[in-house]
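**Q** Please find target_6.txt (compact mmCIF, C-alpha atoms) on the next line:
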```txt
# COMPACT_ATOMS: atom_id res chain seq x y z
CA MET A 1 28.06 3.42 7.87
CA PRO A 2 28.59 0.99 4.98
CA ILE A 3 27.61 -2.64 5.36
CA THR A 4 30.77 -4.71 5.12
CA LYS A 5 30.00 -7.89 7.08
CA THR A 6 27.51 -10.71 6.64
CA SER A 7 26.49 -10.30 10.28
CA GLN A 8 25.15 -6.84 9.41
CA ILE A 9 22.69 -8.47 6.99
CA SER A 10 21.99 -11.86 8.53
CA THR A 11 20.77 -11.64 12.14
CA LYS A 12 19.92 -15.36 12.16
CA THR A 13 16.73 -14.69 14.17
CA GLY A 14 14.84 -15.97 11.15
CA ASP A 15 16.49 -19.35 11.62
CA LYS A 16 14.02 -19.91 14.45
CA GLY A 17 11.05 -18.79 12.38
CA GLU A 18 10.84 -15.33 13.88
CA SER A 19 11.37 -11.80 12.66
CA ARG A 20 10.97 -8.28 14.00
CA ASN A 21 8.94 -5.31 12.95
CA PHE A 22 10.24 -1.74 12.65
CA VAL A 23 10.15 -1.18 16.43
CA ASN A 24 11.83 -4.50 17.23
CA GLN A 25 8.74 -6.43 18.32
CA VAL A 26 9.10 -10.17 17.63
CA PHE A 27 6.58 -12.00 15.44
CA SER A 28 6.41 -15.41 13.82
CA LYS A 29 7.56 -15.25 10.19
CA ASP A 30 4.12 -16.49 9.10
CA ASP A 31 2.30 -13.69 10.95
CA ILE A 32 -0.23 -11.74 8.88
CA LEU A 33 2.04 -8.70 9.30
CA PHE A 34 4.81 -10.33 7.28
CA GLU A 35 2.36 -11.79 4.78
CA LEU A 36 1.21 -8.25 4.06
CA LEU A 37 4.69 -6.70 4.07
CA GLY A 38 6.01 -9.46 1.84
CA THR A 39 3.19 -9.03 -0.66
CA MET A 40 3.70 -5.25 -0.68
CA ASP A 41 7.42 -5.87 -1.34
CA GLU A 42 6.51 -8.29 -4.13
CA LEU A 43 4.30 -5.60 -5.65
CA SER A 44 7.01 -2.95 -5.44
CA SER A 45 9.57 -5.33 -6.92
CA PHE A 46 7.34 -6.16 -9.85
CA LEU A 47 6.63 -2.47 -10.40
CA GLY A 48 10.40 -2.04 -10.59
CA LEU A 49 10.54 -4.72 -13.28
CA PHE A 50 7.70 -3.01 -15.14
CA TYR A 51 9.59 0.29 -14.91
CA HIS A 52 12.50 -1.22 -16.85
CA HIS A 53 10.13 -2.06 -19.71
CA HIS A 54 8.41 1.32 -19.76
CA GLU A 55 10.14 4.10 -17.85
CA LEU A 56 7.23 5.98 -16.29
CA GLU A 57 8.51 8.13 -13.44
CA VAL A 58 5.18 7.76 -11.67
CA ILE A 59 6.12 4.11 -11.03
CA LYS A 60 9.09 5.15 -8.89
CA MET A 61 6.81 7.56 -7.02
CA ILE A 62 4.37 4.69 -6.40
CA GLN A 63 7.22 2.50 -5.14
CA ARG A 64 8.24 5.23 -2.68
CA SER A 65 4.63 5.52 -1.50
CA LEU A 66 4.51 1.77 -0.96
CA GLN A 67 7.69 1.97 1.13
CA ASP A 68 6.16 4.71 3.27
CA ILE A 69 2.99 2.66 3.70
CA ASN A 70 5.07 -0.39 4.66
CA ALA A 71 6.77 1.64 7.38
CA LEU A 72 3.35 2.55 8.79
CA ILE A 73 2.19 -1.08 8.61
CA ALA A 74 5.38 -2.36 10.26
CA THR A 75 5.20 0.05 13.18
CA ASP A 76 2.94 -0.23 16.20
CA PRO A 77 0.79 2.93 16.09
CA ASN A 78 1.19 3.31 19.86
CA HIS A 79 4.98 3.39 19.64
CA VAL A 80 6.79 6.74 19.82
CA LEU A 81 8.52 6.07 16.46
CA TYR A 82 5.16 5.92 14.69
CA LYS A 83 4.74 9.67 15.08
CA LYS A 84 8.08 10.21 13.34
CA LEU A 85 7.02 8.33 10.21
CA LYS A 86 5.79 10.10 7.11
CA PRO A 87 2.00 10.18 7.42
CA PHE A 88 -0.10 8.98 4.52
CA ASP A 89 -1.33 11.81 2.32
CA PRO A 90 -4.77 11.18 0.75
CA ALA A 91 -3.66 13.37 -2.16
CA GLN A 92 -1.68 10.33 -3.35
CA THR A 93 -4.94 8.47 -3.94
CA GLU A 94 -6.40 11.49 -5.72
CA MET A 95 -3.31 11.63 -7.93
CA LEU A 96 -3.89 8.02 -9.05
CA GLU A 97 -7.51 8.88 -9.86
CA SER A 98 -6.37 11.87 -11.87
CA LEU A 99 -3.79 9.83 -13.78
CA MET A 100 -6.44 7.24 -14.53
CA GLY A 101 -8.68 9.97 -15.92
CA VAL A 102 -5.94 11.21 -18.23
CA ILE A 103 -5.29 7.71 -19.55
CA LEU A 104 -8.98 7.03 -20.12
CA GLU A 105 -9.36 10.28 -22.05
CA ARG A 106 -6.52 9.25 -24.38
CA HIS A 107 -7.35 5.54 -24.50
CA PRO A 108 -11.04 4.91 -23.80
CA LEU A 109 -11.70 1.29 -22.84
CA GLU A 110 -14.07 -0.91 -24.74
CA PRO A 111 -16.51 -2.71 -22.42
CA VAL A 112 -15.18 -6.15 -23.35
CA PHE A 113 -13.22 -8.78 -21.48
CA THR A 114 -9.53 -8.88 -22.29
CA LEU A 115 -7.12 -11.59 -21.33
CA PRO A 116 -4.59 -10.21 -18.84
CA GLY A 117 -1.17 -9.75 -20.36
CA SER A 118 -1.81 -11.55 -23.60
CA GLU A 119 -3.67 -8.78 -25.42
CA THR A 120 -1.31 -5.94 -24.60
CA SER A 121 2.34 -5.13 -25.08
CA LYS A 122 5.08 -6.66 -22.96
CA ALA A 123 4.96 -3.54 -20.75
CA GLY A 124 1.20 -4.00 -20.44
CA ALA A 125 1.67 -7.65 -19.49
CA TYR A 126 4.11 -6.72 -16.73
CA CYS A 127 1.65 -4.06 -15.60
CA ASP A 128 -1.10 -6.70 -15.44
CA VAL A 129 1.03 -8.90 -13.20
CA ALA A 130 1.68 -5.92 -10.92
CA ARG A 131 -2.08 -5.31 -10.84
CA THR A 132 -2.79 -8.88 -9.72
CA ILE A 133 -0.17 -8.56 -6.99
CA ALA A 134 -1.76 -5.27 -5.90
CA ARG A 135 -5.10 -7.09 -5.59
CA LYS A 136 -3.43 -9.82 -3.54
CA ALA A 137 -1.89 -7.13 -1.32
CA GLU A 138 -5.37 -5.63 -0.85
CA ARG A 139 -6.66 -8.98 0.40
CA ARG A 140 -3.73 -9.33 2.78
CA PHE A 141 -4.26 -5.72 3.92
CA VAL A 142 -7.94 -6.34 4.74
CA ALA A 143 -7.03 -9.50 6.67
CA PHE A 144 -4.33 -7.58 8.55
CA LEU A 145 -6.73 -4.76 9.45
CA ARG A 146 -9.35 -7.25 10.60
CA ALA A 147 -6.83 -9.18 12.72
CA THR A 148 -5.19 -6.13 14.29
CA GLU A 149 -8.25 -3.85 14.46
CA ARG A 150 -6.06 -0.96 13.30
CA THR A 151 -7.98 2.06 12.09
CA ASP A 152 -4.98 4.22 11.15
CA LEU A 153 -4.44 2.55 7.77
CA GLU A 154 -7.74 3.17 5.97
CA GLY A 155 -6.13 5.78 3.67
CA PRO A 156 -3.34 3.43 2.56
CA LEU A 157 -5.91 0.68 1.90
CA SER A 158 -7.85 3.05 -0.37
CA TYR A 159 -4.59 3.95 -2.10
CA LEU A 160 -3.83 0.29 -2.77
CA ASN A 161 -7.33 -0.25 -4.15
CA ARG A 162 -6.96 2.72 -6.47
CA LEU A 163 -3.47 1.56 -7.45
CA SER A 164 -4.83 -1.74 -8.75
CA ASP A 165 -7.47 0.21 -10.72
CA TYR A 166 -4.77 2.49 -12.11
CA LEU A 167 -2.62 -0.47 -13.13
CA PHE A 168 -5.60 -2.05 -14.90
CA VAL A 169 -6.19 1.10 -16.93
CA LEU A 170 -2.47 1.62 -17.53
CA ALA A 171 -2.02 -1.95 -18.84
CA ARG A 172 -4.86 -1.45 -21.32
CA SER A 173 -3.25 1.78 -22.58
CA PHE A 174 -0.30 -0.15 -24.03
CA ALA A 175 -2.43 -2.14 -26.46
```
Could you write out this structure as structure tokens?

**A**
Amino acid sequence: MPITKTSQISTKTGDKGESRNFVNQVFSKDDILFELLGTMDELSSFLGLFYHHHELEVIKMIQRSLQDINALIATDPNHVLYKKLKPFDPAQTEMLESLMGVILERHPLEPVFTLPGSETSKAGAYCDVARTIARKAERRFVAFLRATERTDLEGPLSYLNRLSDYLFVLARSFA
């Protein structure tokens, strides 16, 4: 059904400083859950901006993976809906490692410090910003896992770590 009314977008629950997760549980807007989800959204949005400067289809695939991971994060693992979500596939992490290997074969890195963004192309600079957001998301992810004691998200955390590595290598390849 198409969205045609403001009330379908604005629930106004946020006006009181609260929001809901995927299974309708209420949390404060400053909860670590929303800090993590917001940072993951920031990362995906910046990857979208990067995509418009260098149209790599793998970026859209990464964005879809991040959406799937966000659904897992936003859902209580004990809720019946959790089992209906797309489970994380560790092959996604392996794919990033493989892509990194291909880039490094074509563009070996010199063991020197480079200034983020300023020593690469515009696409590389956008990629560097996405990398720093991925690192911030990792920190939020670790805090979230520590606070919630969830053990079901170790694969997605590894994926995010490898993603920031991949983005580092990718940014350098545009020089």

**Q** One number please: atom CA of Ala171 of chain A to atom CA of Asp41 of chain A, in Å, one decimal.

**A** 20.3 Å

**Q** Is there a way to get, as a ChimeraX atom specification, all residues within 12 Å of the point (-0.3, 9.9, -15.2) in file coordinates, counting all atoms listed in the file?

**A** /A:56-59,61-62,92,94-106,163,166-167,169-170,173

**Q** Give me the box for segment 70-74 of chain A as lines of an AutoDock Vina configuration file, namely the centre and edge lengths in Å to one decimal of a box along x, y and z that holds every listed atom plus 6 Å on each side.

**A**
```
center_x = 4.5
center_y = 0.1
center_z = 7.5
size_x = 16.6
size_y = 16.9
size_z = 17.6
```

**Q** What's the 7 Å shell around Lys29 of chain A, counting all atoms listed in the file, without same-chain residues fewer than 2 positions away, as a VMD selection string?

**A** chain A and resid 17 to 19 27 31 34

**Q** May I ask for the distance between atom CA of Val112 of chain A and atom CA of Lys136 of chain A, given in Å to one decimal place?

**A**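 Those two atoms sit 23.3 Å apart.
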
**Q** Using all atoms listed in the file for the distances, tell me which of A:Tyr82, A:Phe113, A:Asp68, A:Phe88 is nearest to Leu153 of chain A.

**A** A:Phe88

**Q** Please, what distance in Å, to one decimal, runs between atom CA of Thr151 of chain A and atom CA of Val129 of chain A?

**A**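 The value is 29.0 Å.
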
**Q** Would you pick out the contacts of Gln63 of chain A at 8 Å or less, using all atoms listed in the file, so that residues sharing its chain but fewer than 4 positions from it are not included, and give the list as a ChimeraX atom specification?

**A** /A:44,47-48,59,67

**Q** Hey, can you spit out that residue selection with C-alpha atoms as a PDB file, in the frame of the given file?

**A**
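As written to disk, selection18.pdb reads:
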```
ATOM      1  CA  SER A  44       7.010  -2.950  -5.440  1.00  0.00           C
ATOM      2  CA  LEU A  47       6.630  -2.470 -10.400  1.00  0.00           C
ATOM      3  CA  GLY A  48      10.400  -2.040 -10.590  1.00  0.00           C
ATOM      4  CA  ILE A  59       6.120   4.110 -11.030  1.00  0.00           C
ATOM      5  CA  GLN A  67       7.690   1.970   1.130  1.00  0.00           C
TER       6      GLN A  67
END
```

**Q** Counting all atoms listed in the file, I want the residues whose atoms come within 9 Å of (3.5, 1.8, 5.4) in the file frame, returned as a ChimeraX atom specification.

**A** /A:37,65-75,85-88,153,156

**Q** Nearest to Arg172 of chain A among A:Pro2, A:Gly155, A:Pro111, A:Pro77, with distances taken over all atoms listed in the file: which residue is it?

**A**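 Among the listed residues, A:Pro111 lies closest to Arg172 of chain A.
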
**Q** Skipping near chain neighbours, those fewer than 6 positions away, what residues fall within 10 Å of Arg135 of chain A using only C-alpha atoms, listed as a list in words?

**A** Thr39, Leu43, Val129, Phe141, Leu160, Asn161, Leu163, Ser164 and Asp165 of chain A
